[in-house]
$ cat input30.cif   # mmCIF, C-alpha atoms
data_my_file
#
loop_
_atom_site.group_PDB
_atom_site.id
_atom_site.type_symbol
_atom_site.label_atom_id
_atom_site.label_comp_id
_atom_site.auth_asym_id
_atom_site.auth_seq_id
_atom_site.Cartn_x
_atom_site.Cartn_y
_atom_site.Cartn_z
ATOM 1 C CA MET A 909 -10.648 12.248 17.312
ATOM 2 C CA ILE A 910 -7.786 12.980 14.914
ATOM 3 C CA ILE A 911 -10.264 14.371 12.392
ATOM 4 C CA VAL A 912 -11.942 16.403 15.162
ATOM 5 C CA ILE A 913 -8.565 18.021 15.894
ATOM 6 C CA LEU A 914 -8.147 18.651 12.154
ATOM 7 C CA ALA A 915 -11.559 20.334 11.979
ATOM 8 C CA HIS A 916 -10.509 22.708 14.770
ATOM 9 C CA SER A 917 -7.185 23.651 13.146
ATOM 10 C CA GLN A 918 -8.183 26.577 10.893
ATOM 11 C CA VAL A 919 -8.518 24.325 7.838
ATOM 12 C CA PRO A 920 -9.828 25.811 4.535
ATOM 13 C CA TRP A 921 -13.605 26.039 4.431
ATOM 14 C CA LYS A 922 -14.100 23.337 1.779
ATOM 15 C CA LEU A 923 -11.972 20.903 3.759
ATOM 16 C CA PHE A 924 -13.843 21.813 6.939
ATOM 17 C CA GLU A 925 -17.160 21.085 5.208
ATOM 18 C CA PHE A 926 -15.825 17.646 4.293
ATOM 19 C CA VAL A 927 -14.459 16.705 7.732
ATOM 20 C CA SER A 928 -17.471 18.208 9.536
ATOM 21 C CA PHE A 929 -19.420 15.022 8.751
ATOM 22 C CA ILE A 930 -17.214 13.083 11.186
ATOM 23 C CA ILE A 931 -19.594 13.861 14.077
ATOM 24 C CA VAL A 932 -21.847 11.022 12.873
ATOM 25 C CA VAL A 933 -19.268 8.430 13.921
ATOM 26 C CA PHE A 934 -19.968 9.059 17.616
ATOM 27 C CA PRO A 935 -23.707 8.178 17.613
ATOM 28 C CA PHE A 936 -23.025 5.343 15.159
ATOM 29 C CA LEU A 937 -20.529 3.757 17.574
ATOM 30 C CA SER A 938 -22.904 4.353 20.481
ATOM 31 C CA GLY A 939 -25.590 2.499 18.536
ATOM 32 C CA CYS A 940 -23.165 -0.390 17.927
ATOM 33 C CA LEU A 941 -22.459 -0.643 21.658
ATOM 34 C CA HIS A 942 -25.981 0.043 22.899
ATOM 35 C CA ASN A 943 -26.935 -2.825 25.225
ATOM 36 C CA SER A 944 -28.187 -1.273 28.468
ATOM 37 C CA LYS A 945 -30.880 -3.292 30.223
ATOM 38 C CA SER A 946 -32.553 -0.382 31.989
ATOM 39 C CA LEU A 947 -32.727 3.395 31.835
ATOM 40 C CA GLY A 948 -31.130 3.572 35.277
ATOM 41 C CA GLU A 949 -28.195 1.447 34.141
ATOM 42 C CA LEU A 950 -27.743 3.586 31.031
ATOM 43 C CA PHE A 951 -27.961 6.777 33.104
ATOM 44 C CA ARG A 952 -25.217 5.572 35.445
ATOM 45 C CA LYS A 953 -23.014 4.532 32.514
ATOM 46 C CA ARG A 954 -23.423 7.821 30.662
ATOM 47 C CA LEU A 955 -23.515 10.253 33.597
ATOM 48 C CA PRO A 956 -19.703 10.672 33.319
ATOM 49 C CA LEU A 957 -20.280 12.360 29.936
ATOM 50 C CA LEU A 958 -22.426 15.009 31.595
ATOM 51 C CA SER A 959 -20.176 15.428 34.615
ATOM 52 C CA SER A 960 -17.090 15.703 32.391
ATOM 53 C CA TYR A 961 -18.720 18.467 30.347
ATOM 54 C CA TYR A 962 -19.374 20.624 33.397
ATOM 55 C CA TYR A 963 -16.114 19.704 35.126
ATOM 56 C CA ILE A 964 -13.799 20.309 32.141
ATOM 57 C CA GLY A 965 -15.964 23.236 31.103
ATOM 58 C CA ALA A 966 -15.566 24.874 34.516
ATOM 59 C CA ILE A 967 -11.778 24.520 34.301
ATOM 60 C CA ASN A 968 -11.749 25.980 30.795
ATOM 61 C CA TYR A 969 -14.140 28.754 31.844
ATOM 62 C CA LEU A 970 -11.811 29.826 34.661
ATOM 63 C CA ILE A 971 -8.847 29.736 32.288
ATOM 64 C CA TRP A 972 -10.807 31.905 29.843
ATOM 65 C CA VAL A 973 -11.845 34.393 32.538
ATOM 66 C CA PHE A 974 -8.466 34.817 34.207
ATOM 67 C CA PHE A 975 -5.885 34.191 31.478
ATOM 68 C CA VAL A 976 -7.376 35.170 28.108
ATOM 69 C CA GLY A 977 -6.819 38.767 27.052
ATOM 70 C CA LYS A 978 -9.655 41.293 26.908
ATOM 71 C CA GLU A 979 -9.190 41.710 23.153
ATOM 72 C CA PHE A 980 -10.605 38.193 22.680
ATOM 73 C CA LYS A 981 -13.654 38.750 24.895
ATOM 74 C CA LYS A 982 -16.871 40.144 23.438
ATOM 75 C CA VAL A 983 -19.362 39.819 26.332
ATOM 76 C CA GLU A 984 -19.273 39.918 30.124
ATOM 77 C CA ASN A 985 -18.222 36.852 32.123
ATOM 78 C CA LEU A 986 -21.750 36.084 33.376
ATOM 79 C CA THR A 987 -22.974 35.699 29.789
ATOM 80 C CA TYR A 988 -20.117 33.302 29.104
ATOM 81 C CA LEU A 989 -21.075 31.365 32.226
ATOM 82 C CA TRP A 990 -24.786 31.242 31.345
ATOM 83 C CA ASN A 991 -24.169 29.918 27.850
ATOM 84 C CA PHE A 992 -21.722 27.347 29.202
ATOM 85 C CA LEU A 993 -24.291 26.060 31.715
ATOM 86 C CA LEU A 994 -27.026 25.786 29.050
ATOM 87 C CA VAL A 995 -24.625 24.254 26.496
ATOM 88 C CA ASN A 996 -25.245 27.105 24.066
ATOM 89 C CA THR A 997 -21.971 26.293 22.327
ATOM 90 C CA ASP A 998 -23.300 27.547 18.995
ATOM 91 C CA LYS A 999 -23.015 31.144 20.260
ATOM 92 C CA LEU A 1000 -19.347 31.488 19.409
ATOM 93 C CA ASP A 1001 -19.178 35.201 20.283
ATOM 94 C CA SER A 1002 -20.512 34.634 23.787
ATOM 95 C CA ILE A 1003 -19.017 31.346 24.959
ATOM 96 C CA PRO A 1004 -15.344 30.567 25.740
ATOM 97 C CA LEU A 1005 -13.927 29.016 22.566
ATOM 98 C CA ASN A 1006 -12.005 26.357 24.517
ATOM 99 C CA ILE A 1007 -15.348 25.015 25.801
ATOM 100 C CA VAL A 1008 -17.041 24.651 22.392
ATOM 101 C CA PRO A 1009 -15.867 21.068 21.511
ATOM 102 C CA LEU A 1010 -17.330 19.760 24.767
ATOM 103 C CA TRP A 1011 -20.861 19.988 23.372
ATOM 104 C CA TYR A 1012 -20.313 16.444 22.020
ATOM 105 C CA LEU A 1013 -20.485 15.082 25.567
ATOM 106 C CA VAL A 1014 -23.879 16.579 26.431
ATOM 107 C CA PHE A 1015 -25.244 15.706 23.016
ATOM 108 C CA LEU A 1016 -24.248 12.042 23.400
ATOM 109 C CA PHE A 1017 -25.774 11.904 26.872
ATOM 110 C CA SER A 1018 -29.087 13.404 25.677
ATOM 111 C CA ALA A 1019 -29.161 11.250 22.538
ATOM 112 C CA GLU A 1020 -28.439 8.004 24.422
ATOM 113 C CA MET A 1021 -31.320 8.684 26.809
ATOM 114 C CA LEU A 1022 -33.670 9.531 23.942
ATOM 115 C CA TYR A 1023 -32.640 6.466 21.954
ATOM 116 C CA TYR A 1024 -33.214 4.111 24.893
ATOM 117 C CA ILE A 1025 -36.642 5.592 25.635
ATOM 118 C CA SER A 1026 -37.711 5.485 21.981
ATOM 119 C CA ARG A 1027 -36.704 1.827 21.696
ATOM 120 C CA LYS A 1028 -38.369 0.944 24.988
ATOM 121 C CA LEU A 1029 -41.629 2.590 23.871
ATOM 122 C CA LYS A 1030 -41.220 1.152 20.354
ATOM 123 C CA ILE A 1031 -41.429 4.569 18.750
ATOM 124 C CA THR A 1032 -37.954 4.686 17.203
ATOM 125 C CA ILE A 1033 -39.241 5.224 13.651
ATOM 126 C CA PRO A 1034 -41.517 8.145 14.640
ATOM 127 C CA VAL A 1035 -38.672 9.700 16.619
ATOM 128 C CA ILE A 1036 -36.377 9.363 13.600
ATOM 129 C CA MET A 1037 -39.039 11.067 11.463
ATOM 130 C CA VAL A 1038 -39.328 13.893 14.010
ATOM 131 C CA GLY A 1039 -35.552 14.327 13.775
ATOM 132 C CA ILE A 1040 -35.661 14.553 9.974
ATOM 133 C CA ILE A 1041 -38.636 16.945 10.003
ATOM 134 C CA SER A 1042 -36.942 19.168 12.586
ATOM 135 C CA ARG A 1043 -33.889 19.357 10.317
ATOM 136 C CA LEU A 1044 -36.048 20.488 7.407
ATOM 137 C CA TYR A 1045 -38.570 22.822 8.990
ATOM 138 C CA PHE A 1046 -37.431 23.766 12.494
ATOM 139 C CA PRO A 1047 -33.694 24.510 12.355
ATOM 140 C CA GLY A 1048 -32.138 26.205 15.345
ATOM 141 C CA SER A 1049 -29.947 25.060 18.177
ATOM 142 C CA LEU A 1050 -31.669 24.334 21.492
ATOM 143 C CA PRO A 1051 -30.125 24.228 24.988
ATOM 144 C CA PHE A 1052 -28.563 20.917 26.030
ATOM 145 C CA LYS A 1053 -28.472 19.913 22.328
ATOM 146 C CA ILE A 1054 -31.967 18.388 22.415
ATOM 147 C CA ASP A 1055 -32.440 19.220 18.718
ATOM 148 C CA VAL A 1056 -29.271 17.342 17.761
ATOM 149 C CA ALA A 1057 -30.324 14.363 19.878
ATOM 150 C CA PHE A 1058 -33.474 13.932 17.757
ATOM 151 C CA ALA A 1059 -31.528 14.467 14.521
ATOM 152 C CA SER A 1060 -29.029 11.728 15.442
ATOM 153 C CA ILE A 1061 -31.336 8.849 16.385
ATOM 154 C CA TYR A 1062 -31.297 7.361 12.891
ATOM 155 C CA MET A 1063 -27.523 6.970 13.199
ATOM 156 C CA PHE A 1064 -27.904 5.099 16.516
ATOM 157 C CA GLU A 1065 -30.288 2.705 14.799
ATOM 158 C CA LEU A 1066 -27.908 2.280 11.863
ATOM 159 C CA GLY A 1067 -25.099 1.427 14.287
ATOM 160 C CA ARG A 1068 -27.211 -1.162 16.088
ATOM 161 C CA PHE A 1069 -28.260 -2.753 12.775
ATOM 162 C CA PHE A 1070 -24.679 -2.742 11.508
ATOM 163 C CA ASN A 1071 -23.403 -4.445 14.647
ATOM 164 C CA GLN A 1072 -26.121 -7.093 14.620
ATOM 165 C CA LYS A 1073 -25.476 -8.035 10.994
ATOM 166 C CA ARG A 1074 -21.656 -7.875 11.319
ATOM 167 C CA ILE A 1075 -21.441 -6.214 7.917
ATOM 168 C CA GLU A 1076 -18.092 -6.141 6.156
ATOM 169 C CA ILE A 1077 -17.589 -3.342 3.655
ATOM 170 C CA LYS A 1078 -15.905 -4.375 0.423
ATOM 171 C CA ASN A 1079 -13.252 -2.127 -1.103
ATOM 172 C CA TYR A 1080 -15.415 -1.046 -4.042
ATOM 173 C CA LEU A 1081 -18.228 -0.026 -1.668
ATOM 174 C CA GLY A 1082 -15.785 1.748 0.623
ATOM 175 C CA LEU A 1083 -14.396 3.784 -2.269
ATOM 176 C CA ALA A 1084 -17.918 4.537 -3.466
ATOM 177 C CA THR A 1085 -18.994 5.825 -0.042
ATOM 178 C CA LEU A 1086 -15.868 7.976 0.197
ATOM 179 C CA LEU A 1087 -16.679 9.527 -3.190
ATOM 180 C CA ILE A 1088 -20.285 10.124 -2.122
ATOM 181 C CA TRP A 1089 -19.056 11.779 1.073
ATOM 182 C CA ILE A 1090 -16.776 14.083 -0.946
ATOM 183 C CA PHE A 1091 -19.489 14.797 -3.529
ATOM 184 C CA VAL A 1092 -22.136 15.701 -0.913
ATOM 185 C CA ALA A 1093 -19.683 17.956 0.930
ATOM 186 C CA LEU A 1094 -18.811 19.794 -2.303
ATOM 187 C CA LEU A 1095 -22.374 19.999 -3.613
ATOM 188 C CA ASN A 1096 -24.389 20.468 -0.446
ATOM 189 C CA GLY A 1097 -21.888 21.938 2.006
ATOM 190 C CA GLY A 1098 -20.919 20.704 5.442
ATOM 191 C CA THR A 1099 -23.039 19.625 8.368
ATOM 192 C CA SER A 1100 -22.711 21.416 11.697
ATOM 193 C CA TRP A 1101 -24.710 19.658 14.378
ATOM 194 C CA ASN A 1102 -23.519 22.146 16.978
ATOM 195 C CA PHE A 1103 -25.441 24.843 15.088
ATOM 196 C CA ASP A 1104 -28.253 22.528 13.935
ATOM 197 C CA GLU A 1105 -27.241 23.253 10.345
ATOM 198 C CA TYR A 1106 -27.148 20.647 7.577
ATOM 199 C CA GLY A 1107 -25.868 22.289 4.425
ATOM 200 C CA LYS A 1108 -28.068 23.476 1.580
ATOM 201 C CA ASN A 1109 -30.466 20.543 1.881
ATOM 202 C CA ALA A 1110 -30.980 18.689 5.164
ATOM 203 C CA VAL A 1111 -32.047 15.443 3.464
ATOM 204 C CA VAL A 1112 -29.046 15.375 1.130
ATOM 205 C CA SER A 1113 -26.795 15.789 4.171
ATOM 206 C CA ILE A 1114 -28.114 12.467 5.534
ATOM 207 C CA PHE A 1115 -26.659 10.675 2.503
ATOM 208 C CA GLY A 1116 -23.332 12.369 3.186
ATOM 209 C CA GLU A 1117 -23.479 11.344 6.852
ATOM 210 C CA ILE A 1118 -24.205 7.704 6.018
ATOM 211 C CA ALA A 1119 -21.416 7.709 3.415
ATOM 212 C CA CYS A 1120 -19.032 9.232 5.952
ATOM 213 C CA VAL A 1121 -19.640 6.614 8.630
ATOM 214 C CA LEU A 1122 -19.405 3.746 6.119
ATOM 215 C CA SER A 1123 -16.121 5.187 4.842
ATOM 216 C CA ILE A 1124 -14.690 5.309 8.360
ATOM 217 C CA VAL A 1125 -15.834 1.740 9.038
ATOM 218 C CA TRP A 1126 -14.246 0.632 5.765
ATOM 219 C CA ILE A 1127 -10.939 2.282 6.707
ATOM 220 C CA ALA A 1128 -11.078 0.698 10.170
ATOM 221 C CA GLN A 1129 -11.767 -2.759 8.721
ATOM 222 C CA PHE A 1130 -8.950 -2.267 6.201
ATOM 223 C CA VAL A 1131 -6.451 -1.380 8.935
ATOM 224 C CA GLU A 1132 -7.658 -4.314 11.036
ATOM 225 C CA LYS A 1133 -6.759 -6.755 8.248
ATOM 226 C CA LYS A 1134 -3.253 -5.365 7.674
ATOM 227 C CA ASP A 1135 -1.033 -6.634 10.482
ATOM 228 C CA LYS A 1136 1.887 -4.306 9.747
ATOM 229 C CA LEU A 1137 -0.339 -1.276 9.415
ATOM 230 C CA LYS A 1138 -2.240 -2.270 12.533
ATOM 231 C CA SER A 1139 0.971 -2.696 14.555
ATOM 232 C CA VAL A 1140 2.181 0.766 13.527
ATOM 233 C CA LEU A 1141 -1.096 2.625 14.048
ATOM 234 C CA GLY A 1142 -2.590 0.460 16.774
ATOM 235 C CA LYS A 1143 -0.682 2.025 19.664
ATOM 236 C CA ILE A 1144 -1.404 5.571 18.534
ATOM 237 C CA PHE A 1145 -5.090 4.850 17.972
ATOM 238 C CA LYS A 1146 -5.417 3.128 21.364
ATOM 239 C CA GLN A 1147 -3.800 6.039 23.197
ATOM 240 C CA ILE A 1148 -6.100 8.522 21.491
ATOM 241 C CA SER A 1149 -9.126 6.326 22.181
ATOM 242 C CA ASP A 1150 -8.256 5.827 25.852
ATOM 243 C CA ASP A 1151 -7.823 9.590 26.365
ATOM 244 C CA ALA A 1152 -10.647 10.721 24.063
ATOM 245 C CA ILE A 1153 -12.488 12.837 26.649
ATOM 246 C CA PHE A 1154 -9.269 14.452 27.837
ATOM 247 C CA ILE A 1155 -8.281 15.243 24.240
ATOM 248 C CA LEU A 1156 -11.729 16.606 23.437
ATOM 249 C CA GLY A 1157 -11.586 18.872 26.462
ATOM 250 C CA TYR A 1158 -8.095 20.255 26.094
ATOM 251 C CA HIS A 1159 -6.770 20.025 22.520
ATOM 252 C CA ILE A 1160 -7.669 23.653 21.791
ATOM 253 C CA LEU A 1161 -6.036 24.708 25.056
ATOM 254 C CA PHE A 1162 -2.828 22.794 24.257
ATOM 255 C CA GLY A 1163 -2.710 24.402 20.827
ATOM 256 C CA GLY A 1164 -3.176 27.812 22.443
ATOM 257 C CA ILE A 1165 -0.385 27.169 24.950
ATOM 258 C CA LEU A 1166 1.954 26.187 22.119
ATOM 259 C CA MET A 1167 1.128 29.369 20.200
ATOM 260 C CA LEU A 1168 1.712 31.404 23.368
ATOM 261 C CA LEU A 1169 5.130 29.819 23.880
ATOM 262 C CA LEU A 1170 6.076 30.524 20.271
ATOM 263 C CA SER A 1171 5.045 34.153 20.659
ATOM 264 C CA ARG A 1172 7.244 34.430 23.744
ATOM 265 C CA PHE A 1173 10.179 33.333 21.587
ATOM 266 C CA GLY A 1174 9.536 36.155 19.144
ATOM 267 C CA PHE A 1175 7.224 34.484 16.618
ATOM 268 C CA ASN A 1176 4.396 36.855 15.692
ATOM 269 C CA ILE A 1177 1.616 34.380 14.874
ATOM 270 C CA THR A 1178 -1.680 35.842 13.700
ATOM 271 C CA GLU A 1179 -5.007 34.218 12.814
ATOM 272 C CA LYS A 1180 -4.120 34.786 9.160
ATOM 273 C CA HIS A 1181 -0.935 32.755 9.622
ATOM 274 C CA LEU A 1182 -2.892 29.947 11.268
ATOM 275 C CA LYS A 1183 -5.325 29.812 8.348
ATOM 276 C CA ASN A 1184 -2.754 30.149 5.573
ATOM 277 C CA TYR A 1185 -0.588 27.414 7.065
ATOM 278 C CA TRP A 1186 -3.387 25.273 8.457
ATOM 279 C CA TYR A 1187 -1.430 22.060 7.874
ATOM 280 C CA ILE A 1188 1.268 23.368 10.226
ATOM 281 C CA THR A 1189 -1.437 24.460 12.672
ATOM 282 C CA PHE A 1190 -2.952 20.988 12.646
ATOM 283 C CA SER A 1191 0.455 19.317 13.052
ATOM 284 C CA ALA A 1192 1.303 21.626 15.945
ATOM 285 C CA VAL A 1193 -2.017 21.096 17.745
ATOM 286 C CA PHE A 1194 -1.903 17.340 17.221
ATOM 287 C CA PHE A 1195 1.755 17.121 18.303
ATOM 288 C CA SER A 1196 1.188 19.194 21.459
ATOM 289 C CA THR A 1197 -1.921 17.186 22.364
ATOM 290 C CA TYR A 1198 -0.326 13.807 21.668
ATOM 291 C CA THR A 1199 2.770 14.822 23.628
ATOM 292 C CA ALA A 1200 0.578 15.844 26.563
ATOM 293 C CA ILE A 1201 -1.310 12.538 26.736
ATOM 294 C CA ASN A 1202 2.005 10.674 26.687
ATOM 295 C CA LEU A 1203 3.820 12.816 29.251
ATOM 296 C CA LEU A 1204 1.038 13.418 31.746
ATOM 297 C CA PRO A 1205 0.471 10.615 34.292
ATOM 298 C CA LYS A 1206 -2.838 8.796 33.995
ATOM 299 C CA LYS A 1207 -3.923 10.120 37.387
ATOM 300 C CA VAL A 1208 -3.422 13.703 36.245
ATOM 301 C CA LYS A 1209 -5.466 13.152 33.091
ATOM 302 C CA ILE A 1210 -8.278 11.614 35.130
ATOM 303 C CA LEU A 1211 -8.055 14.451 37.653
ATOM 304 C CA LEU A 1212 -8.464 16.978 34.839
ATOM 305 C CA SER A 1213 -11.239 15.271 32.892
ATOM 306 C CA GLN A 1214 -13.221 12.592 34.739
ATOM 307 C CA PRO A 1215 -14.575 13.816 38.092
ATOM 308 C CA MET A 1216 -16.557 10.635 38.758
ATOM 309 C CA SER A 1217 -13.344 8.577 38.592
ATOM 310 C CA ILE A 1218 -11.310 10.751 40.945
ATOM 311 C CA LYS A 1219 -12.356 8.752 44.015
ATOM 312 C CA ASN A 1220 -10.686 5.703 42.460
ATOM 313 C CA LEU A 1221 -7.381 7.564 42.597
ATOM 314 C CA LEU A 1222 -7.516 7.941 46.379
#
$ encode --input "input30.cif" --output "structure tokens"
Amino acid sequence: MIIVILAHSQVPWKLFEFVSFIIVVFPFLSGCLHNSKSLGELFRKRLPLLSSYYYIGAINYLIWVFFVGKEFKKVENLTYLWNFLLVNTDKLDSIPLNIVPLWYLVFLFSAEMLYYISRKLKITIPVIMVGIISRLYFPGSLPFKIDVAFASIYMFELGRFFNQKRIEIKNYLGLATLLIWIFVALLNGGTSWNFDEYGKNAVVSIFGEIACVLSIVWIAQFVEKKDKLKSVLGKIFKQISDDAIFILGYHILFGGILMLLLSRFGFNITEKHLKNYWYITFSAVFFSTYTAINLLPKKVKILLSQPMSIKNLL
């Protein structure tokens, strides 16, 4: 989630191409945790992802319609609404920008359903092949992120395999995967699942995605072994993990509110400033988001992000 915030903080293009690979961690972790006994059970467990997309998206849509200036709007409100409902988050000129990160939620829901069905029917390998072929020959973002769901199934399977074997990544392998991740990003470009784009070569991007997820696992295992490091970072990581959906839904909004407050105090902040000083932009967005999840009561965060849990508050 920290790297997701970084990716949305006007970072230089080469750095964005590098961090863009982080999306693979989500299906990998879902594959590690995949243990549903029936499609109905899985549907009930993952329905909150879908409901949160439309719930948080509706809130952000209303904020966009009523509070964002006309100079930032390029189409009529009904077009914004239509693209939001169909999860056409790749159409950046015709969807509220504060909704865009929420595509992860619908993608994970669609991919989880597809992965369960493919395993149940014992057609996981053919489905993985369809995903790879679609990357190569049929690029283009589809509504509800169906295209990305197919493209991600191999990562679900890798996560399940990794969890079953309890693989520990040695330091030399971790460093090697990090270098491969960097090399693929520099050579092949980034991977943007939201747009169904995979750099210059869609197959090469798979190597970068695998290297990325192994690097993150290596870092996680490294932190886990270092008690002092774990004690310092553990609380922060747990807070971010517990409020992941809330952060995903509102980190752009919190950054925007901070910029608005600064402008009210006389700071003339332009998009050029945000890009030139991206490290300050990232720090500001992360600080405002982290402050919000610490100051807001748990009930408020649930009320703003998890509609299916609201009844538990009553």
$ atom_distance --input "input30.cif" --atom1 "CA of Leu1022 in chain A" --atom2 "CA of Asn1006 in chain A"
27.4 Å
$ axis_aligned_box --input "input30.cif" --around "range 1109-1127 of chain A" --padding-each-side "6 Å" --output "JSON"
{"center_x": -21.5, "center_y": 10.6, "center_z": 5.1, "size_x": 33.1, "size_y": 31.9, "size_z": 19.9}
$ closest_residue --input "input30.cif" --among "A:Val1111, A:Met1037, A:Ile964, A:Val1131" --to "Ile1210 in chain A" --atoms "all atoms listed in the file"
A:Ile964
$ closest_atom_pairs --input "input30.cif" --of "range 1070-1174 of chain A" --to "range 935-950 of chain A" --cutoff "8 Å" --atoms "all atoms listed in the file" --output "Markdown table"
| residue | atom | partner | partner_atom | distance |
| --- | --- | --- | --- | --- |
| A:Phe1070 | CA | A:Cys940 | CA | 7.0 |
| A:Asn1071 | CA | A:Cys940 | CA | 5.2 |
| A:Val1121 | CA | A:Phe936 | CA | 7.5 |
$ closest_residue --input "input30.cif" --among "A:Phe1173, A:Phe1162, A:Phe926, A:Phe1017" --to "Ser1196 in chain A" --atoms "all atoms listed in the file"
A:Phe1162
$ atom_distance --input "input30.cif" --atom1 "CA of Val1112 in chain A" --atom2 "CA of Leu1066 in chain A"
17.0 Å
$ atom_distance --input "input30.cif" --atom1 "CA of Ser928 in chain A" --atom2 "CA of Ser1100 in chain A"
6.5 Å
$ residues_around --input "input30.cif" --residues "Leu957 in chain A" --least-positions-apart "2" --cutoff "7 Å" --atoms "all atoms listed in the file" --output "PyMOL selection string"
chain A and resi 954-955+959-961+1013-1014+1017
$ resolve_selection --input "input30.cif" --expression "the PyMOL selection byres ((chain A and resi 1102) around 10)" --output "CSV table (one decimal) with C-alpha atoms, in the frame of the given file"
chain,number,residue,atom,x,y,z
A,931,ILE,CA,-19.6,13.9,14.1
A,995,VAL,CA,-24.6,24.3,26.5
A,996,ASN,CA,-25.2,27.1,24.1
A,997,THR,CA,-22.0,26.3,22.3
A,998,ASP,CA,-23.3,27.5,19.0
A,999,LYS,CA,-23.0,31.1,20.3
A,1008,VAL,CA,-17.0,24.7,22.4
A,1009,PRO,CA,-15.9,21.1,21.5
A,1011,TRP,CA,-20.9,20.0,23.4
A,1012,TYR,CA,-20.3,16.4,22.0
A,1015,PHE,CA,-25.2,15.7,23.0
A,1048,GLY,CA,-32.1,26.2,15.3
A,1049,SER,CA,-29.9,25.1,18.2
A,1050,LEU,CA,-31.7,24.3,21.5
A,1053,LYS,CA,-28.5,19.9,22.3
A,1055,ASP,CA,-32.4,19.2,18.7
A,1056,VAL,CA,-29.3,17.3,17.8
A,1099,THR,CA,-23.0,19.6,8.4
A,1100,SER,CA,-22.7,21.4,11.7
A,1101,TRP,CA,-24.7,19.7,14.4
A,1103,PHE,CA,-25.4,24.8,15.1
A,1104,ASP,CA,-28.3,22.5,13.9
A,1105,GLU,CA,-27.2,23.3,10.3
$ closest_residue --input "input30.cif" --among "A:Ala1019, A:Met1216, A:Ile1088, A:Ile1033" --to "Phe1058 in chain A" --atoms "only C-alpha atoms"
A:Ala1019
$ resolve_selection --input "input30.cif" --expression "the PyMOL selection byres ((chain A and resi 929) around 10)" --output "ChimeraX atom specification"
/A:911-912,924-928,930-933,1089,1093,1097-1101,1106,1113-1114,1116-1121
$ write_last_selection --input "input30.cif" --atoms "C-alpha atoms" --output "PDB file, in the frame of the given file"
ATOM      1  CA  ILE A 911     -10.264  14.371  12.392  1.00  0.00           C
ATOM      2  CA  VAL A 912     -11.942  16.403  15.162  1.00  0.00           C
ATOM      3  CA  PHE A 924     -13.843  21.813   6.939  1.00  0.00           C
ATOM      4  CA  GLU A 925     -17.160  21.085   5.208  1.00  0.00           C
ATOM      5  CA  PHE A 926     -15.825  17.646   4.293  1.00  0.00           C
ATOM      6  CA  VAL A 927     -14.459  16.705   7.732  1.00  0.00           C
ATOM      7  CA  SER A 928     -17.471  18.208   9.536  1.00  0.00           C
ATOM      8  CA  ILE A 930     -17.214  13.083  11.186  1.00  0.00           C
ATOM      9  CA  ILE A 931     -19.594  13.861  14.077  1.00  0.00           C
ATOM     10  CA  VAL A 932     -21.847  11.022  12.873  1.00  0.00           C
ATOM     11  CA  VAL A 933     -19.268   8.430  13.921  1.00  0.00           C
ATOM     12  CA  TRP A1089     -19.056  11.779   1.073  1.00  0.00           C
ATOM     13  CA  ALA A1093     -19.683  17.956   0.930  1.00  0.00           C
ATOM     14  CA  GLY A1097     -21.888  21.938   2.006  1.00  0.00           C
ATOM     15  CA  GLY A1098     -20.919  20.704   5.442  1.00  0.00           C
ATOM     16  CA  THR A1099     -23.039  19.625   8.368  1.00  0.00           C
ATOM     17  CA  SER A1100     -22.711  21.416  11.697  1.00  0.00           C
ATOM     18  CA  TRP A1101     -24.710  19.658  14.378  1.00  0.00           C
ATOM     19  CA  TYR A1106     -27.148  20.647   7.577  1.00  0.00           C
ATOM     20  CA  SER A1113     -26.795  15.789   4.171  1.00  0.00           C
ATOM     21  CA  ILE A1114     -28.114  12.467   5.534  1.00  0.00           C
ATOM     22  CA  GLY A1116     -23.332  12.369   3.186  1.00  0.00           C
ATOM     23  CA  GLU A1117     -23.479  11.344   6.852  1.00  0.00           C
ATOM     24  CA  ILE A1118     -24.205   7.704   6.018  1.00  0.00           C
ATOM     25  CA  ALA A1119     -21.416   7.709   3.415  1.00  0.00           C
ATOM     26  CA  CYS A1120     -19.032   9.232   5.952  1.00  0.00           C
ATOM     27  CA  VAL A1121     -19.640   6.614   8.630  1.00  0.00           C
TER      28      VAL A1121
END
$ residues_around --input "input30.cif" --residues "Tyr963 in chain A" --least-positions-apart "3" --cutoff "10 Å" --atoms "only C-alpha atoms" --output "tab-separated table (two decimals) with C-alpha atoms, keeping the file's coordinate frame"
chain	number	residue	atom	x	y	z
A	956	PRO	CA	-19.70	10.67	33.32
A	957	LEU	CA	-20.28	12.36	29.94
A	958	LEU	CA	-22.43	15.01	31.60
A	959	SER	CA	-20.18	15.43	34.62
A	960	SER	CA	-17.09	15.70	32.39
A	966	ALA	CA	-15.57	24.87	34.52
A	967	ILE	CA	-11.78	24.52	34.30
A	968	ASN	CA	-11.75	25.98	30.80
A	969	TYR	CA	-14.14	28.75	31.84
A	1157	GLY	CA	-11.59	18.87	26.46
A	1211	LEU	CA	-8.06	14.45	37.65
A	1212	LEU	CA	-8.46	16.98	34.84
A	1213	SER	CA	-11.24	15.27	32.89
A	1214	GLN	CA	-13.22	12.59	34.74
A	1215	PRO	CA	-14.58	13.82	38.09
A	1216	MET	CA	-16.56	10.64	38.76
